[in-house]
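File shown: model-v1.cif (mmCIF, C-alpha atoms, pLDDT in the B column; chains and numbers go by the auth columns).
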```cif
data_protein
#
loop_
_atom_site.group_PDB
_atom_site.id
_atom_site.type_symbol
_atom_site.label_atom_id
_atom_site.label_comp_id
_atom_site.label_asym_id
_atom_site.label_seq_id
_atom_site.Cartn_x
_atom_site.Cartn_y
_atom_site.Cartn_z
_atom_site.B_iso_or_equiv
_atom_site.auth_seq_id
_atom_site.auth_asym_id
ATOM 1 C CA MET A 1 -17.817 -43.329 40.820 39.00 1 A
ATOM 2 C CA SER A 2 -15.816 -42.745 43.974 40.00 2 A
ATOM 3 C CA VAL A 3 -16.962 -43.941 47.357 41.00 3 A
ATOM 4 C CA PRO A 4 -17.316 -41.158 49.945 43.00 4 A
ATOM 5 C CA GLU A 5 -15.346 -41.403 53.150 46.00 5 A
ATOM 6 C CA PRO A 6 -17.345 -42.680 56.156 45.00 6 A
ATOM 7 C CA LEU A 7 -19.118 -40.082 58.280 40.00 7 A
ATOM 8 C CA GLY A 8 -16.786 -38.421 60.729 44.00 8 A
ATOM 9 C CA THR A 9 -13.704 -39.018 58.578 46.00 9 A
ATOM 10 C CA GLN A 10 -14.419 -36.487 55.863 47.00 10 A
ATOM 11 C CA ARG A 11 -11.803 -33.803 55.507 48.00 11 A
ATOM 12 C CA ARG A 12 -11.649 -30.477 53.858 52.00 12 A
ATOM 13 C CA SER A 13 -9.653 -30.531 50.691 59.00 13 A
ATOM 14 C CA ASP A 14 -7.740 -27.780 49.032 76.00 14 A
ATOM 15 C CA ASP A 15 -4.705 -27.647 46.802 81.00 15 A
ATOM 16 C CA ARG A 16 -2.244 -27.076 49.662 85.00 16 A
ATOM 17 C CA THR A 17 -3.672 -29.932 51.724 87.00 17 A
ATOM 18 C CA ASP A 18 -3.533 -32.242 48.702 86.00 18 A
ATOM 19 C CA ALA A 19 0.046 -31.164 47.972 87.00 19 A
ATOM 20 C CA ARG A 20 1.112 -31.919 51.534 91.00 20 A
ATOM 21 C CA GLU A 21 -0.491 -35.350 51.257 90.00 21 A
ATOM 22 C CA GLN A 22 1.408 -35.986 48.011 88.00 22 A
ATOM 23 C CA ALA A 23 4.648 -34.898 49.680 90.00 23 A
ATOM 24 C CA LEU A 24 3.968 -37.229 52.626 93.00 24 A
ATOM 25 C CA ILE A 25 3.436 -40.152 50.270 90.00 25 A
ATOM 26 C CA ALA A 26 6.688 -39.387 48.422 89.00 26 A
ATOM 27 C CA LEU A 27 8.709 -39.034 51.643 92.00 27 A
ATOM 28 C CA TYR A 28 7.273 -42.262 53.047 92.00 28 A
ATOM 29 C CA GLU A 29 7.819 -44.131 49.779 90.00 29 A
ATOM 30 C CA ALA A 30 11.458 -43.036 49.530 91.00 30 A
ATOM 31 C CA GLU A 31 12.191 -44.217 53.054 91.00 31 A
ATOM 32 C CA GLN A 32 10.366 -47.534 52.670 92.00 32 A
ATOM 33 C CA ARG A 33 11.975 -48.322 49.315 90.00 33 A
ATOM 34 C CA GLY A 34 15.395 -47.105 50.443 91.00 34 A
ATOM 35 C CA VAL A 35 15.746 -44.754 47.490 89.00 35 A
ATOM 36 C CA SER A 36 16.493 -41.067 47.258 86.00 36 A
ATOM 37 C CA LEU A 37 13.751 -38.482 47.265 81.00 37 A
ATOM 38 C CA VAL A 38 15.003 -37.293 43.897 76.00 38 A
ATOM 39 C CA ASP A 39 14.406 -40.780 42.462 82.00 39 A
ATOM 40 C CA VAL A 40 10.894 -40.899 43.892 82.00 40 A
ATOM 41 C CA MET A 41 10.050 -37.488 42.464 79.00 41 A
ATOM 42 C CA GLN A 42 11.382 -38.509 39.039 76.00 42 A
ATOM 43 C CA ASP A 43 8.829 -41.334 39.075 69.00 43 A
ATOM 44 C CA ARG A 44 6.026 -38.823 39.653 70.00 44 A
ATOM 45 C CA PRO A 45 4.285 -37.017 36.829 65.00 45 A
ATOM 46 C CA LYS A 46 5.597 -33.521 36.204 63.00 46 A
ATOM 47 C CA SER A 47 2.131 -32.245 37.014 53.00 47 A
ATOM 48 C CA THR A 48 2.640 -33.119 40.678 53.00 48 A
ATOM 49 C CA GLU A 49 1.785 -30.076 42.747 66.00 49 A
ATOM 50 C CA ASP A 50 4.527 -27.453 42.885 81.00 50 A
ATOM 51 C CA LEU A 51 4.138 -27.285 46.675 84.00 51 A
ATOM 52 C CA ALA A 52 4.618 -31.054 46.989 87.00 52 A
ATOM 53 C CA ARG A 53 7.815 -30.843 44.948 86.00 53 A
ATOM 54 C CA LEU A 54 9.001 -27.823 46.957 90.00 54 A
ATOM 55 C CA ILE A 55 8.503 -29.701 50.238 92.00 55 A
ATOM 56 C CA VAL A 56 10.123 -32.936 49.067 91.00 56 A
ATOM 57 C CA VAL A 57 13.134 -31.218 47.520 89.00 57 A
ATOM 58 C CA GLY A 58 13.475 -28.934 50.550 93.00 58 A
ATOM 59 C CA VAL A 59 13.374 -31.843 52.997 94.00 59 A
ATOM 60 C CA SER A 60 15.969 -33.653 50.895 92.00 60 A
ATOM 61 C CA GLU A 61 18.326 -30.668 50.736 94.00 61 A
ATOM 62 C CA ASP A 62 18.051 -29.795 54.443 94.00 62 A
ATOM 63 C CA ALA A 63 17.671 -33.328 55.857 94.00 63 A
ATOM 64 C CA MET A 64 20.450 -33.196 58.454 96.00 64 A
ATOM 65 C CA ALA A 65 19.317 -29.921 60.027 97.00 65 A
ATOM 66 C CA ILE A 66 15.661 -30.982 59.946 97.00 66 A
ATOM 67 C CA ASP A 67 16.384 -34.339 61.596 96.00 67 A
ATOM 68 C CA SER A 68 18.536 -32.624 64.200 96.00 68 A
ATOM 69 C CA LEU A 69 15.676 -30.279 65.138 96.00 69 A
ATOM 70 C CA ILE A 70 13.229 -33.183 65.340 97.00 70 A
ATOM 71 C CA THR A 71 15.587 -35.168 67.580 96.00 71 A
ATOM 72 C CA THR A 72 16.269 -32.169 69.824 95.00 72 A
ATOM 73 C CA ASN A 73 12.577 -31.388 70.271 96.00 73 A
ATOM 74 C CA SER A 74 11.104 -34.886 70.520 93.00 74 A
ATOM 75 C CA LYS A 75 11.886 -35.352 74.216 84.00 75 A
ATOM 76 C CA GLY A 76 13.388 -38.797 74.524 82.00 76 A
ATOM 77 C CA TRP A 77 12.327 -40.227 71.174 88.00 77 A
ATOM 78 C CA ALA A 78 15.112 -41.358 68.863 91.00 78 A
ATOM 79 C CA LEU A 79 14.344 -40.603 65.233 93.00 79 A
ATOM 80 C CA ASP A 80 14.672 -44.236 64.180 92.00 80 A
ATOM 81 C CA ARG A 81 12.178 -45.332 66.868 93.00 81 A
ATOM 82 C CA MET A 82 9.386 -43.072 65.580 94.00 82 A
ATOM 83 C CA PRO A 83 6.792 -44.464 63.205 94.00 83 A
ATOM 84 C CA ALA A 84 7.922 -43.819 59.618 94.00 84 A
ATOM 85 C CA LEU A 85 4.847 -41.728 58.846 95.00 85 A
ATOM 86 C CA ASP A 86 5.464 -39.538 61.902 96.00 86 A
ATOM 87 C CA ARG A 87 9.055 -38.955 60.741 96.00 87 A
ATOM 88 C CA ALA A 88 7.861 -37.955 57.280 96.00 88 A
ATOM 89 C CA ILE A 89 5.179 -35.629 58.665 97.00 89 A
ATOM 90 C CA LEU A 90 7.610 -34.031 61.100 98.00 90 A
ATOM 91 C CA ARG A 91 10.198 -33.525 58.367 97.00 91 A
ATOM 92 C CA MET A 92 7.612 -31.769 56.219 97.00 92 A
ATOM 93 C CA GLY A 93 6.448 -29.604 59.100 98.00 93 A
ATOM 94 C CA VAL A 94 9.940 -28.602 60.179 98.00 94 A
ATOM 95 C CA PHE A 95 10.870 -27.746 56.596 98.00 95 A
ATOM 96 C CA GLU A 96 7.820 -25.513 56.315 97.00 96 A
ATOM 97 C CA LEU A 97 8.483 -23.851 59.676 97.00 97 A
ATOM 98 C CA LEU A 98 12.041 -23.044 58.614 96.00 98 A
ATOM 99 C CA HIS A 99 11.574 -22.119 54.968 95.00 99 A
ATOM 100 C CA ARG A 100 7.953 -21.175 54.284 94.00 100 A
ATOM 101 C CA LEU A 101 7.747 -18.064 56.380 93.00 101 A
ATOM 102 C CA ASP A 102 4.713 -16.913 54.397 93.00 102 A
ATOM 103 C CA THR A 103 2.703 -19.775 55.927 93.00 103 A
ATOM 104 C CA PRO A 104 1.468 -19.193 59.497 95.00 104 A
ATOM 105 C CA ILE A 105 2.692 -21.551 62.222 96.00 105 A
ATOM 106 C CA ALA A 106 -0.869 -22.595 63.062 96.00 106 A
ATOM 107 C CA VAL A 107 -1.558 -23.684 59.480 95.00 107 A
ATOM 108 C CA ILE A 108 1.626 -25.762 59.269 96.00 108 A
ATOM 109 C CA ILE A 109 0.987 -27.480 62.596 97.00 109 A
ATOM 110 C CA ASP A 110 -2.736 -28.031 61.950 96.00 110 A
ATOM 111 C CA GLU A 111 -2.086 -29.607 58.554 96.00 111 A
ATOM 112 C CA ALA A 112 0.644 -31.861 59.992 97.00 112 A
ATOM 113 C CA VAL A 113 -1.562 -32.952 62.900 97.00 113 A
ATOM 114 C CA GLU A 114 -4.422 -33.775 60.518 95.00 114 A
ATOM 115 C CA LEU A 115 -2.091 -35.911 58.383 96.00 115 A
ATOM 116 C CA ALA A 116 -0.847 -37.697 61.498 96.00 116 A
ATOM 117 C CA LYS A 117 -4.371 -38.382 62.724 95.00 117 A
ATOM 118 C CA ARG A 118 -5.411 -39.623 59.309 94.00 118 A
ATOM 119 C CA PHE A 119 -2.476 -41.808 58.408 94.00 119 A
ATOM 120 C CA SER A 120 -0.524 -42.760 61.542 94.00 120 A
ATOM 121 C CA THR A 121 -1.120 -44.032 65.081 90.00 121 A
ATOM 122 C CA ASP A 122 -3.716 -42.922 67.622 89.00 122 A
ATOM 123 C CA ASP A 123 -1.108 -40.912 69.534 92.00 123 A
ATOM 124 C CA SER A 124 0.609 -39.392 66.504 95.00 124 A
ATOM 125 C CA GLY A 125 -1.478 -36.221 66.349 95.00 125 A
ATOM 126 C CA ARG A 126 -0.475 -35.159 69.854 96.00 126 A
ATOM 127 C CA PHE A 127 3.135 -36.170 69.297 96.00 127 A
ATOM 128 C CA VAL A 128 3.451 -34.249 66.021 97.00 128 A
ATOM 129 C CA ASN A 129 1.753 -31.233 67.590 97.00 129 A
ATOM 130 C CA GLY A 130 4.174 -31.190 70.518 97.00 130 A
ATOM 131 C CA VAL A 131 7.329 -31.558 68.451 97.00 131 A
ATOM 132 C CA LEU A 132 6.320 -28.970 65.841 98.00 132 A
ATOM 133 C CA ALA A 133 5.182 -26.498 68.507 97.00 133 A
ATOM 134 C CA ALA A 134 8.593 -26.780 70.180 97.00 134 A
ATOM 135 C CA VAL A 135 10.401 -26.318 66.861 97.00 135 A
ATOM 136 C CA ALA A 136 8.185 -23.319 66.053 97.00 136 A
ATOM 137 C CA ARG A 137 9.028 -21.632 69.369 95.00 137 A
ATOM 138 C CA ALA A 138 12.731 -21.945 68.536 93.00 138 A
ATOM 139 C CA ALA A 139 12.532 -21.236 64.791 92.00 139 A
ATOM 140 C CA ARG A 140 10.008 -18.376 64.868 90.00 140 A
ATOM 141 C CA PRO A 141 10.206 -16.882 68.362 89.00 141 A
ATOM 142 C CA THR A 142 8.527 -13.607 67.408 87.00 142 A
ATOM 143 C CA GLU A 143 5.527 -15.219 65.694 81.00 143 A
ATOM 144 C CA LYS A 144 2.611 -16.726 67.577 67.00 144 A
#
```
Show the structure stored in the file as structure tokens.
Amino acid sequence: MSVPEPLGTQRRSDDRTDAREQALIALYEAEQRGVSLVDVMQDRPKSTEDLARLIVVGVSEDAMAIDSLITTNSKGWALDRMPALDRAILRMGVFELLHRLDTPIAVIIDEAVELAKRFSTDDSGRFVNGVLAAVARAARPTEK
């Protein structure tokens, strides 16, 4: 029997949200262990959500451009000074903003902010929101 989350911390769950959480865990694990994302994904069961794999592989393949956009839009925060979870969440969000054009900006940012609030620092939600909103304005100027 699983224990329910305390009141006020319950979250909605759907396949995309769960996949993003799996991707966050993989990105964080790779950085903390100092191994490649490919190695981390090989350790995962093949049944891992397709979206999680898409995000992790996409972040891995486009890492330099993604990190550059995060650094440019983080207003005075060096990438290596950010909490590791914030970096992972931002990398996921930037990847989705750039390559998952079928997903609305608001959905990408909302999901990233929820992950930040759930797993990172008290200020992470606002920080992630600000950086991703700035990236979205540059990456998808015609979409609101």
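Applied to this file, the PyMOL selection byres ((chain A and resi 129) around 10) selects Leu90, Gly93, Ile108, Ile109, Asp110, Glu111, Ala112, Val113, Glu114, Ala116, Ser124, Gly125, Arg126, Phe127, Val128, Gly130, Val131, Leu132, Ala133, Ala134 and Val135 of chain A.
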Protein/DNA/RNA residues near (2.7, -42.2, 54.4), cut 8 Å, only C-alpha atoms, as an NGL selection string | :A and (24-29 or 84-85 or 88 or 119-120)
Checklist entry - So how far away is atom CA of Glu96 of chain A from atom CA of Thr72 of chain A, in Å? => result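 Atom CA of Thr72 of chain A sits 17.3 Å away from atom CA of Glu96 of chain A.
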Listed atoms of segment 132-136 of chain A boxed axis-aligned with 5 Å per side, centre + edges as JSON:
```
{"center_x": 7.8, "center_y": -26.1, "center_z": 68.0, "size_x": 15.2, "size_y": 15.7, "size_z": 14.3}
```
Of the listed residues A:Glu143, A:Asp122, A:Phe95, A:Leu54, that which approaches Leu69 of chain A most closely, counting only C-alpha atoms: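 For Leu69 of chain A, the nearest of the candidates is A:Phe95.
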From the list A:Ala139, A:Ile89, A:Arg33, A:Leu97, the nearest residue to Lys117 of chain A using only C-alpha atoms is A:Ile89
